[in-house]
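What follows is run37.cif (mmCIF, C-alpha atoms).
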```
data_query
#
loop_
_atom_site.group_PDB
_atom_site.id
_atom_site.type_symbol
_atom_site.label_atom_id
_atom_site.label_comp_id
_atom_site.auth_asym_id
_atom_site.auth_seq_id
_atom_site.Cartn_x
_atom_site.Cartn_y
_atom_site.Cartn_z
ATOM 1 C CA MET M 1 -68.273 -66.841 -32.286
ATOM 2 C CA ALA M 2 -67.092 -63.369 -31.144
ATOM 3 C CA THR M 3 -64.688 -61.476 -33.315
ATOM 4 C CA ILE M 4 -61.728 -59.568 -31.654
ATOM 5 C CA LYS M 5 -60.829 -56.379 -33.438
ATOM 6 C CA ARG M 6 -57.103 -55.851 -32.687
ATOM 7 C CA GLY M 7 -56.516 -53.218 -35.300
ATOM 8 C CA ALA M 8 -58.440 -50.419 -33.551
ATOM 9 C CA LYS M 9 -56.613 -50.882 -30.230
ATOM 10 C CA GLY M 10 -53.257 -50.948 -31.976
ATOM 11 C CA ALA M 11 -54.088 -47.739 -33.805
ATOM 12 C CA ARG M 12 -54.928 -45.995 -30.557
ATOM 13 C CA ARG M 13 -51.650 -47.152 -29.027
ATOM 14 C CA THR M 14 -49.729 -45.892 -32.034
ATOM 15 C CA ALA M 15 -51.485 -42.528 -31.888
ATOM 16 C CA LYS M 16 -50.606 -42.115 -28.217
ATOM 17 C CA ALA M 17 -46.991 -43.004 -28.908
ATOM 18 C CA ASN M 18 -46.836 -40.463 -31.731
ATOM 19 C CA ALA M 19 -48.358 -37.817 -29.470
ATOM 20 C CA ARG M 20 -45.743 -38.458 -26.782
ATOM 21 C CA ALA M 21 -42.970 -38.266 -29.364
ATOM 22 C CA ASN M 22 -44.298 -34.948 -30.688
ATOM 23 C CA THR M 23 -44.509 -33.570 -27.146
ATOM 24 C CA ALA M 24 -40.916 -34.643 -26.450
ATOM 25 C CA ARG M 25 -39.681 -33.017 -29.663
ATOM 26 C CA LYS M 26 -41.464 -29.781 -28.808
ATOM 27 C CA ALA M 27 -40.039 -29.798 -25.275
ATOM 28 C CA LYS M 28 -36.551 -30.468 -26.592
ATOM 29 C CA LYS M 29 -36.894 -27.664 -29.127
ATOM 30 C CA THR M 30 -38.172 -25.261 -26.479
ATOM 31 C CA THR M 31 -35.440 -26.229 -24.002
ATOM 32 C CA GLY M 32 -32.750 -26.012 -26.656
ATOM 33 C CA GLY M 33 -33.970 -22.577 -27.706
ATOM 34 C CA PHE M 34 -33.931 -21.372 -24.101
ATOM 35 C CA ILE M 35 -30.400 -22.691 -23.540
ATOM 36 C CA ASP M 36 -29.198 -21.059 -26.769
ATOM 37 C CA TRP M 37 -30.803 -17.778 -25.669
ATOM 38 C CA LEU M 38 -29.214 -18.069 -22.222
ATOM 39 C CA MET M 39 -25.779 -18.845 -23.686
ATOM 40 C CA GLY M 40 -26.119 -15.820 -25.924
ATOM 41 C CA LEU M 41 -26.387 -13.597 -22.869
ATOM 42 C CA LEU M 42 -23.026 -14.745 -21.489
ATOM 43 C CA PRO M 43 -19.958 -12.645 -22.490
ATOM 44 C CA PHE M 44 -17.982 -15.723 -23.530
ATOM 45 C CA THR M 45 -17.353 -17.546 -26.770
ATOM 46 C CA GLU M 46 -18.098 -21.256 -27.041
ATOM 47 C CA GLU M 47 -14.373 -21.994 -26.890
ATOM 48 C CA GLN M 48 -13.955 -19.908 -23.724
ATOM 49 C CA LEU M 49 -16.904 -21.655 -22.110
ATOM 50 C CA GLN M 50 -15.360 -25.015 -22.877
ATOM 51 C CA ARG M 51 -12.128 -23.933 -21.207
ATOM 52 C CA ILE M 52 -14.033 -22.639 -18.175
ATOM 53 C CA PHE M 53 -15.907 -25.926 -17.842
ATOM 54 C CA LEU M 54 -12.609 -27.788 -18.173
ATOM 55 C CA TRP M 55 -11.078 -25.688 -15.378
ATOM 56 C CA LEU M 56 -14.124 -26.269 -13.198
ATOM 57 C CA ILE M 57 -13.886 -29.998 -13.720
ATOM 58 C CA ILE M 58 -10.188 -29.957 -12.876
ATOM 59 C CA ILE M 59 -10.748 -27.837 -9.770
ATOM 60 C CA LEU M 60 -13.564 -30.083 -8.575
ATOM 61 C CA ALA M 61 -11.427 -33.154 -9.180
ATOM 62 C CA LEU M 62 -8.523 -31.622 -7.256
ATOM 63 C CA ALA M 63 -10.817 -30.615 -4.411
ATOM 64 C CA ALA M 64 -12.211 -34.136 -4.229
ATOM 65 C CA ALA M 65 -8.705 -35.597 -4.223
ATOM 66 C CA TRP M 66 -7.665 -33.232 -1.438
ATOM 67 C CA PHE M 67 -10.722 -34.179 0.614
ATOM 68 C CA ILE M 68 -9.989 -37.883 0.193
ATOM 69 C CA ALA M 69 -6.332 -37.298 1.089
ATOM 70 C CA ASN M 70 -7.266 -35.573 4.331
ATOM 71 C CA ILE M 71 -9.449 -38.510 5.268
ATOM 72 C CA SER M 72 -6.896 -41.158 4.301
ATOM 73 C CA GLY M 73 -3.848 -39.332 5.736
ATOM 74 C CA ALA M 74 -2.012 -39.140 2.384
ATOM 75 C CA THR M 75 -2.046 -35.335 2.279
ATOM 76 C CA ALA M 76 1.581 -34.753 1.277
ATOM 77 C CA MET M 77 1.503 -37.263 -1.560
ATOM 78 C CA VAL M 78 -1.799 -35.948 -2.908
ATOM 79 C CA GLN M 79 -0.616 -32.343 -2.553
ATOM 80 C CA ALA M 80 2.345 -33.119 -4.784
ATOM 81 C CA GLN M 81 0.065 -34.842 -7.280
ATOM 82 C CA ILE M 82 -2.369 -31.922 -7.232
ATOM 83 C CA SER M 83 0.455 -29.454 -7.845
ATOM 84 C CA GLN M 84 1.782 -31.502 -10.748
ATOM 85 C CA SER M 85 -1.687 -31.884 -12.242
ATOM 86 C CA ALA M 86 -2.318 -28.152 -11.925
ATOM 87 C CA ALA M 87 1.005 -27.369 -13.607
ATOM 88 C CA ASN M 88 0.242 -29.792 -16.433
ATOM 89 C CA ALA M 89 -3.109 -28.082 -16.919
ATOM 90 C CA GLY M 90 -1.427 -24.671 -17.229
ATOM 91 C CA PHE M 91 -2.010 -23.533 -13.629
ATOM 92 C CA GLU M 92 1.516 -22.353 -12.867
ATOM 93 C CA VAL M 93 3.188 -18.971 -12.413
ATOM 94 C CA ARG M 94 4.137 -17.795 -15.891
ATOM 95 C CA HIS M 95 3.725 -14.056 -15.409
ATOM 96 C CA VAL M 96 4.253 -11.657 -12.503
ATOM 97 C CA ARG M 97 2.297 -8.398 -12.718
ATOM 98 C CA VAL M 98 3.367 -5.543 -10.405
ATOM 99 C CA SER M 99 1.304 -2.368 -9.949
ATOM 100 C CA GLY M 100 1.419 0.636 -7.617
ATOM 101 C CA VAL M 101 5.177 1.248 -7.899
ATOM 102 C CA GLU M 102 6.063 4.878 -8.583
ATOM 103 C CA ARG M 103 9.126 5.838 -6.520
ATOM 104 C CA MET M 104 10.834 2.644 -5.402
ATOM 105 C CA ASN M 105 12.949 0.418 -7.617
ATOM 106 C CA GLU M 106 10.539 -2.124 -9.097
ATOM 107 C CA ASP M 107 13.355 -4.663 -9.391
ATOM 108 C CA ARG M 108 13.321 -5.032 -5.587
ATOM 109 C CA VAL M 109 9.805 -6.446 -5.886
ATOM 110 C CA TYR M 110 10.680 -8.897 -8.656
ATOM 111 C CA GLU M 111 13.688 -10.100 -6.662
ATOM 112 C CA ARG M 112 11.343 -11.220 -3.895
ATOM 113 C CA VAL M 113 9.087 -13.247 -6.203
ATOM 114 C CA VAL M 114 11.466 -14.503 -8.901
ATOM 115 C CA SER M 115 11.628 -17.888 -7.153
ATOM 116 C CA GLN M 116 7.901 -18.334 -7.798
ATOM 117 C CA ARG M 117 8.288 -18.505 -11.579
ATOM 118 C CA ASN M 118 7.016 -21.834 -12.991
ATOM 119 C CA GLU M 119 5.687 -22.851 -9.569
ATOM 120 C CA PRO M 120 2.308 -24.658 -9.594
ATOM 121 C CA MET M 121 -0.401 -22.267 -8.429
ATOM 122 C CA PRO M 122 -1.448 -24.456 -5.455
ATOM 123 C CA ASP M 123 2.140 -24.222 -4.117
ATOM 124 C CA VAL M 124 2.296 -20.408 -4.156
ATOM 125 C CA ASP M 125 2.171 -19.052 -0.587
ATOM 126 C CA VAL M 126 0.709 -15.566 -1.085
ATOM 127 C CA VAL M 127 0.875 -14.807 2.660
ATOM 128 C CA ALA M 128 4.617 -15.522 2.824
ATOM 129 C CA ILE M 129 5.243 -13.435 -0.305
ATOM 130 C CA ARG M 130 3.356 -10.501 1.241
ATOM 131 C CA GLU M 131 5.419 -10.759 4.433
ATOM 132 C CA GLU M 132 8.615 -10.633 2.382
ATOM 133 C CA LEU M 133 7.437 -7.592 0.455
ATOM 134 C CA LEU M 134 6.576 -5.762 3.687
ATOM 135 C CA GLU M 135 10.258 -5.997 4.631
ATOM 136 C CA LEU M 136 11.127 -3.581 1.805
ATOM 137 C CA PRO M 137 11.571 -0.013 3.173
ATOM 138 C CA TRP M 138 9.259 1.617 0.614
ATOM 139 C CA VAL M 139 6.405 -0.882 1.003
ATOM 140 C CA LYS M 140 3.651 0.272 3.342
ATOM 141 C CA ASP M 141 1.289 -2.527 2.296
ATOM 142 C CA ALA M 142 1.110 -5.221 -0.364
ATOM 143 C CA ARG M 143 -1.644 -7.377 -1.813
ATOM 144 C CA VAL M 144 -0.697 -10.645 -3.496
ATOM 145 C CA SER M 145 -3.234 -12.730 -5.437
ATOM 146 C CA ARG M 146 -3.408 -15.534 -7.961
ATOM 147 C CA GLN M 147 -5.038 -14.743 -11.285
ATOM 148 C CA LEU M 148 -5.716 -18.065 -12.974
ATOM 149 C CA PRO M 149 -4.419 -19.689 -14.938
ATOM 150 C CA GLY M 150 -0.846 -18.328 -14.722
ATOM 151 C CA THR M 151 -0.471 -14.806 -13.333
ATOM 152 C CA LEU M 152 0.748 -13.733 -9.901
ATOM 153 C CA ALA M 153 -0.599 -10.214 -9.275
ATOM 154 C CA ILE M 154 1.171 -7.899 -6.809
ATOM 155 C CA ASP M 155 -0.276 -4.529 -5.845
ATOM 156 C CA ILE M 156 2.117 -2.302 -3.872
ATOM 157 C CA VAL M 157 1.117 0.593 -1.587
ATOM 158 C CA GLU M 158 4.173 2.827 -1.255
ATOM 159 C CA ARG M 159 5.150 5.030 1.669
ATOM 160 C CA GLU M 160 5.156 8.775 1.026
ATOM 161 C CA PRO M 161 8.530 10.566 1.445
ATOM 162 C CA HIS M 162 7.988 13.346 3.972
ATOM 163 C CA ALA M 163 11.335 14.684 5.186
ATOM 164 C CA VAL M 164 15.098 14.135 5.080
ATOM 165 C CA LEU M 165 16.941 12.743 8.092
ATOM 166 C CA GLN M 166 20.421 14.135 8.667
ATOM 167 C CA LYS M 167 22.738 11.338 9.793
ATOM 168 C CA PRO M 168 26.414 11.747 10.707
ATOM 169 C CA ASP M 169 27.636 10.612 7.279
ATOM 170 C CA HIS M 170 24.653 10.731 4.923
ATOM 171 C CA LEU M 171 21.066 11.830 4.319
ATOM 172 C CA VAL M 172 18.038 9.525 4.282
ATOM 173 C CA LEU M 173 14.468 10.003 3.061
ATOM 174 C CA VAL M 174 11.858 9.241 5.745
ATOM 175 C CA ASP M 175 8.064 9.119 5.802
ATOM 176 C CA VAL M 176 5.812 10.843 8.329
ATOM 177 C CA ASP M 177 6.091 7.859 10.687
ATOM 178 C CA GLY M 178 9.875 8.007 10.668
ATOM 179 C CA ASN M 179 10.434 4.939 8.471
ATOM 180 C CA GLU M 180 13.734 5.253 6.603
ATOM 181 C CA LEU M 181 13.214 4.819 2.860
ATOM 182 C CA GLU M 182 16.494 5.286 1.012
ATOM 183 C CA PRO M 183 19.617 7.506 0.986
ATOM 184 C CA ILE M 184 19.362 10.806 -0.849
ATOM 185 C CA ARG M 185 21.946 13.231 -2.224
ATOM 186 C CA ARG M 186 22.063 16.725 -0.815
ATOM 187 C CA THR M 187 21.448 18.147 -4.276
ATOM 188 C CA ALA M 188 18.168 16.211 -4.427
ATOM 189 C CA ILE M 189 16.666 17.537 -1.158
ATOM 190 C CA GLY M 190 14.696 20.287 -2.865
ATOM 191 C CA GLU M 191 12.042 21.812 -0.588
ATOM 192 C CA ARG M 192 11.948 18.884 1.826
ATOM 193 C CA LEU M 193 12.401 19.586 5.510
ATOM 194 C CA VAL M 194 15.711 18.380 6.981
ATOM 195 C CA ILE M 195 15.531 16.988 10.512
ATOM 196 C CA SER M 196 18.430 16.148 12.803
ATOM 197 C CA GLY M 197 19.340 15.282 16.372
ATOM 198 C CA PRO M 198 19.371 12.021 18.363
ATOM 199 C CA GLY M 199 15.891 10.515 18.371
ATOM 200 C CA ALA M 200 14.551 12.974 15.786
ATOM 201 C CA VAL M 201 13.335 10.208 13.471
ATOM 202 C CA ARG M 202 10.856 9.106 16.154
ATOM 203 C CA GLN M 203 9.426 12.631 16.362
ATOM 204 C CA VAL M 204 8.612 13.289 12.685
ATOM 205 C CA ARG M 205 4.841 13.077 13.079
ATOM 206 C CA GLN M 206 4.966 15.220 16.223
ATOM 207 C CA LEU M 207 6.949 17.838 14.297
ATOM 208 C CA ASP M 208 4.416 17.720 11.472
ATOM 209 C CA ASP M 209 1.591 18.382 13.943
ATOM 210 C CA LEU M 210 3.588 21.238 15.473
ATOM 211 C CA LEU M 211 4.126 22.980 12.133
ATOM 212 C CA GLU M 212 0.447 22.569 11.272
ATOM 213 C CA ALA M 213 -0.313 24.879 14.216
ATOM 214 C CA ALA M 214 1.219 27.816 12.266
ATOM 215 C CA PRO M 215 0.541 27.294 8.525
ATOM 216 C CA ALA M 216 1.999 30.712 7.617
ATOM 217 C CA ILE M 217 5.338 29.798 9.197
ATOM 218 C CA ARG M 218 5.639 26.249 7.879
ATOM 219 C CA PRO M 219 6.823 27.135 4.330
ATOM 220 C CA GLN M 220 9.617 29.244 5.868
ATOM 221 C CA VAL M 221 11.097 26.360 7.883
ATOM 222 C CA ARG M 222 14.109 24.690 6.226
ATOM 223 C CA ALA M 223 15.377 22.450 9.040
ATOM 224 C CA ALA M 224 14.440 21.226 12.499
ATOM 225 C CA GLU M 225 16.788 19.945 15.211
ATOM 226 C CA TRP M 226 15.536 17.753 18.053
ATOM 227 C CA VAL M 227 17.495 19.044 21.079
ATOM 228 C CA GLY M 228 18.121 17.109 24.281
ATOM 229 C CA ASN M 229 15.375 14.647 23.362
ATOM 230 C CA ARG M 230 12.777 17.167 24.545
ATOM 231 C CA ARG M 231 12.312 20.164 22.220
ATOM 232 C CA TRP M 232 12.846 21.666 18.730
ATOM 233 C CA ASN M 233 15.067 24.312 17.206
ATOM 234 C CA LEU M 234 13.637 25.486 13.883
ATOM 235 C CA THR M 235 15.885 26.962 11.193
ATOM 236 C CA PHE M 236 14.254 29.227 8.609
ATOM 237 C CA LYS M 237 15.326 29.566 4.990
ATOM 238 C CA THR M 238 16.963 32.841 6.066
ATOM 239 C CA ASN M 239 19.231 30.794 8.418
ATOM 240 C CA GLN M 240 17.558 32.392 11.444
ATOM 241 C CA VAL M 241 16.888 30.023 14.363
ATOM 242 C CA LEU M 242 13.799 29.782 16.566
ATOM 243 C CA ALA M 243 14.250 27.881 19.838
ATOM 244 C CA LEU M 244 10.941 26.454 21.068
ATOM 245 C CA PRO M 245 10.058 25.270 24.585
ATOM 246 C CA GLN M 246 9.585 21.605 25.448
ATOM 247 C CA GLY M 247 6.090 20.109 25.547
ATOM 248 C CA ASP M 248 3.728 19.732 22.602
ATOM 249 C CA ASP M 249 1.203 22.340 23.741
ATOM 250 C CA GLU M 250 3.854 24.791 24.913
ATOM 251 C CA ALA M 251 5.789 24.537 21.637
ATOM 252 C CA ALA M 252 2.631 24.984 19.544
ATOM 253 C CA THR M 253 1.565 28.028 21.586
ATOM 254 C CA ALA M 254 5.021 29.595 21.237
ATOM 255 C CA LEU M 255 5.086 28.981 17.481
ATOM 256 C CA VAL M 256 1.656 30.571 17.040
ATOM 257 C CA SER M 257 2.812 33.591 19.077
ATOM 258 C CA PHE M 258 5.924 33.906 16.934
ATOM 259 C CA ALA M 259 3.807 33.727 13.773
ATOM 260 C CA ARG M 260 1.665 36.568 15.081
ATOM 261 C CA LEU M 261 4.746 38.679 15.921
ATOM 262 C CA ASP M 262 6.249 37.942 12.516
ATOM 263 C CA GLY M 263 3.039 39.081 10.849
ATOM 264 C CA GLN M 264 3.213 42.364 12.762
ATOM 265 C CA ASN M 265 6.979 43.041 12.680
ATOM 266 C CA ARG M 266 8.436 40.933 9.829
ATOM 267 C CA LEU M 267 10.885 39.101 12.069
ATOM 268 C CA ILE M 268 11.845 36.501 9.453
ATOM 269 C CA GLY M 269 14.362 38.121 7.124
ATOM 270 C CA GLY M 270 15.337 40.798 9.612
ATOM 271 C CA GLU M 271 18.555 41.369 11.581
ATOM 272 C CA VAL M 272 17.826 38.944 14.406
ATOM 273 C CA THR M 273 19.774 35.672 14.083
ATOM 274 C CA THR M 274 18.215 33.800 17.021
ATOM 275 C CA PHE M 275 14.748 33.903 18.577
ATOM 276 C CA ASP M 276 14.612 32.100 21.921
ATOM 277 C CA MET M 277 11.168 31.253 23.257
ATOM 278 C CA ARG M 278 12.158 28.570 25.741
ATOM 279 C CA ALA M 279 10.639 30.597 28.573
ATOM 280 C CA PRO M 280 7.235 31.688 27.234
ATOM 281 C CA PRO M 281 5.769 34.211 27.000
ATOM 282 C CA ARG M 282 9.220 35.867 26.936
ATOM 283 C CA ILE M 283 11.238 36.025 23.716
ATOM 284 C CA TYR M 284 14.982 36.546 23.649
ATOM 285 C CA MET M 285 16.486 37.977 20.437
ATOM 286 C CA ARG M 286 20.127 38.052 19.405
ATOM 287 C CA ILE M 287 21.477 40.497 16.840
ATOM 288 C CA PRO M 288 25.165 40.226 15.830
ATOM 289 C CA GLY M 289 27.208 43.178 17.100
ATOM 290 C CA ARG M 290 24.529 44.350 19.512
ATOM 291 C CA ALA M 291 23.550 43.622 23.053
ATOM 292 C CA ASP M 292 20.957 40.877 23.428
ATOM 293 C CA GLN M 293 17.397 42.129 23.397
ATOM 294 C CA VAL M 294 14.694 40.671 25.603
ATOM 295 C CA LEU M 295 10.965 41.034 25.388
ATOM 296 C CA GLY M 296 9.663 40.162 28.840
ATOM 297 C CA GLY M 297 12.660 38.213 30.178
ATOM 298 C CA SER M 298 15.621 35.988 29.256
ATOM 299 C CA PRO M 299 16.117 32.400 28.135
ATOM 300 C CA GLN M 300 16.405 29.530 30.544
ATOM 301 C CA ASP M 301 19.823 29.061 32.080
ATOM 302 C CA GLY M 302 21.964 26.077 31.198
ATOM 303 C CA GLU M 303 21.045 25.803 27.484
ATOM 304 C CA THR M 304 22.377 27.747 24.527
ATOM 305 C CA THR M 305 20.924 28.151 21.081
ATOM 306 C CA ASN M 306 22.710 27.038 17.950
#
```
For this file, produce the structure as structure tokens.
Amino acid sequence: MATIKRGAKGARRTAKANARANTARKAKKTTGGFIDWLMGLLPFTEEQLQRIFLWLIIILALAAAWFIANISGATAMVQAQISQSAANAGFEVRHVRVSGVERMNEDRVYERVVSQRNEPMPDVDVVAIREELLELPWVKDARVSRQLPGTLAIDIVEREPHAVLQKPDHLVLVDVDGNELEPIRRTAIGERLVISGPGAVRQVRQLDDLLEAAPAIRPQVRAAEWVGNRRWNLTFKTNQVLALPQGDDEAATALVSFARLDGQNRLIGGEVTTFDMRAPPRIYMRIPGRADQVLGGSPQDGETTN
């Protein structure tokens, strides 16, 4: 009779099982060590990572709910549920951070966003908030963003005050594009250029380009009047007036010529009260108590200087 030796086969099976178990333990140890090393590279604590994973799970769940709602047609109901869930999870406006404000009253910004306090983050319409902020006179541009979990960040780009507009009853700061910023007291004008005349506010940039043509003259100009909606009268700090011709090129050429004459003859600060260059290349000069002097001709008829 043949004898079956079961013990040897069982031993081999046990050895194989032990080998597989050892391999699994080694793999687990290696994988765990790699994960620990990888986690050590991240700039987060274990508690912060847990919060991040929680937020990711919540966001994914909300996204899935929104997708299902769009398919099922229950968008409004799910939107409300999403907003409430986000608020319960801490995703609501608790802080408003404003940056970029230097000259304007910062309270004007907060007034536009105060209604957003305690609003769930999904309900915050950053585009609408930006449009409201752009209505403020000082705001040239605005960037509005959500900073999770609870901060609404607002970055303001202010307009630069460039000149002072003389109105019939008050003075107003304006930028180089003619945007009115806010009223200003006469004692606060300082060295700013004062512009006046109907339609002058639409010509601020043109005036800036004109004065750039004669850099030596620009610091001497105290005021500029837009006359007849076609040309400029410049008033120097000495209260002398220079009447320029109409036309951008013609006015710039006349101003450069005057700057050259002033460099040669020191016209600014002299006895002449009015320089009329409306008919270039002639220049008409008026001195109180004397007959008018003309270099090359006389001013155009039908218009007087101020």
Problem - Hits from the PyMOL selection byres ((chain M and resi 127) around 12), listed as number ranges by chain - result: M: 123-126, 128-134, 142-146, 154
Handout entry: Matched chain/residue IDs from the PyMOL selection byres ((chain M and resi 219-234) around 9), as JSON, numbers by chain
Key = {"M": [191, 192, 193, 194, 195, 196, 197, 198, 199, 200, 203, 207, 211, 215, 216, 217, 218, 235, 236, 237, 238, 239, 240, 241, 242, 243, 244, 245, 246, 247, 248, 251, 268, 305, 306]}
Would you mind exporting C-alpha atoms of the selected residues as an mmCIF file, in the coordinates of the input?
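Final file, result-v9.cif:
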```cif
data_model
loop_
_atom_site.group_PDB
_atom_site.id
_atom_site.type_symbol
_atom_site.label_atom_id
_atom_site.label_comp_id
_atom_site.auth_asym_id
_atom_site.auth_seq_id
_atom_site.Cartn_x
_atom_site.Cartn_y
_atom_site.Cartn_z
ATOM 1 C CA GLU M 191 12.042 21.812 -0.588
ATOM 2 C CA ARG M 192 11.948 18.884 1.826
ATOM 3 C CA LEU M 193 12.401 19.586 5.510
ATOM 4 C CA VAL M 194 15.711 18.380 6.981
ATOM 5 C CA ILE M 195 15.531 16.988 10.512
ATOM 6 C CA SER M 196 18.430 16.148 12.803
ATOM 7 C CA GLY M 197 19.340 15.282 16.372
ATOM 8 C CA PRO M 198 19.371 12.021 18.363
ATOM 9 C CA GLY M 199 15.891 10.515 18.371
ATOM 10 C CA ALA M 200 14.551 12.974 15.786
ATOM 11 C CA GLN M 203 9.426 12.631 16.362
ATOM 12 C CA LEU M 207 6.949 17.838 14.297
ATOM 13 C CA LEU M 211 4.126 22.980 12.133
ATOM 14 C CA PRO M 215 0.541 27.294 8.525
ATOM 15 C CA ALA M 216 1.999 30.712 7.617
ATOM 16 C CA ILE M 217 5.338 29.798 9.197
ATOM 17 C CA ARG M 218 5.639 26.249 7.879
ATOM 18 C CA THR M 235 15.885 26.962 11.193
ATOM 19 C CA PHE M 236 14.254 29.227 8.609
ATOM 20 C CA LYS M 237 15.326 29.566 4.990
ATOM 21 C CA THR M 238 16.963 32.841 6.066
ATOM 22 C CA ASN M 239 19.231 30.794 8.418
ATOM 23 C CA GLN M 240 17.558 32.392 11.444
ATOM 24 C CA VAL M 241 16.888 30.023 14.363
ATOM 25 C CA LEU M 242 13.799 29.782 16.566
ATOM 26 C CA ALA M 243 14.250 27.881 19.838
ATOM 27 C CA LEU M 244 10.941 26.454 21.068
ATOM 28 C CA PRO M 245 10.058 25.270 24.585
ATOM 29 C CA GLN M 246 9.585 21.605 25.448
ATOM 30 C CA GLY M 247 6.090 20.109 25.547
ATOM 31 C CA ASP M 248 3.728 19.732 22.602
ATOM 32 C CA ALA M 251 5.789 24.537 21.637
ATOM 33 C CA ILE M 268 11.845 36.501 9.453
ATOM 34 C CA THR M 305 20.924 28.151 21.081
ATOM 35 C CA ASN M 306 22.710 27.038 17.950
#
```
Exercise for the section: Go ahead and compute the interatomic distance for atom CA of M:Thr274 and atom CA of M:Pro288, in Å to one decimal. Expected result: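 Computed distance, atom CA of M:Thr274 to atom CA of M:Pro288, equals 9.5 Å.
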Exercise for the section: Please write as a list in words the full residue list that the PyMOL selection byres ((chain M and resi 165) around 8) yields on this file. Expected result: Ala163, Val164, Gln166, Lys167, Leu171, Val172, Leu173, Val174, Val194, Ile195, Ser196 and Val201 of chain M
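Within 8 Å of M:Pro280, once all atoms listed in the file are used and residues closer than 2 positions along the same chain are dropped, the contacting residues are Pro245, Ala254, Met277, Arg278, Arg282 and Ile283 of chain M.
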Show me, as AutoDock Vina command-line options, the centre and edge lengths in Å to one decimal of the axis-aligned box that covers every listed atom of stretch 220-229 of chain M with 5 Å on each side.
```
--center_x 13.9 --center_y 21.9 --center_z 15.1 --size_x 18.5 --size_y 24.6 --size_z 28.4
```
Problem - Å distance separating atom CA of M:Glu180 from atom CA of M:Val96, one decimal place - result: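 Answer for the atom CA of M:Glu180 to atom CA of M:Val96 separation: 27.2 Å.
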Problem - Interatomic distance, atom CA of M:Gly178 to atom CA of M:Lys140 (Å, one decimal) - result: 12.3 Å
Handout entry: Within 10 Å of M:Asp177 using only C-alpha atoms, minus same-chain residues under 4 positions, as a list of chain:residue names
Key =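 Residues near the query, excluding close chain neighbours: M:Arg159, M:Glu160, M:Pro161, M:His162, M:Val201, M:Arg202, M:Gln203, M:Val204, M:Arg205, M:Gln206.
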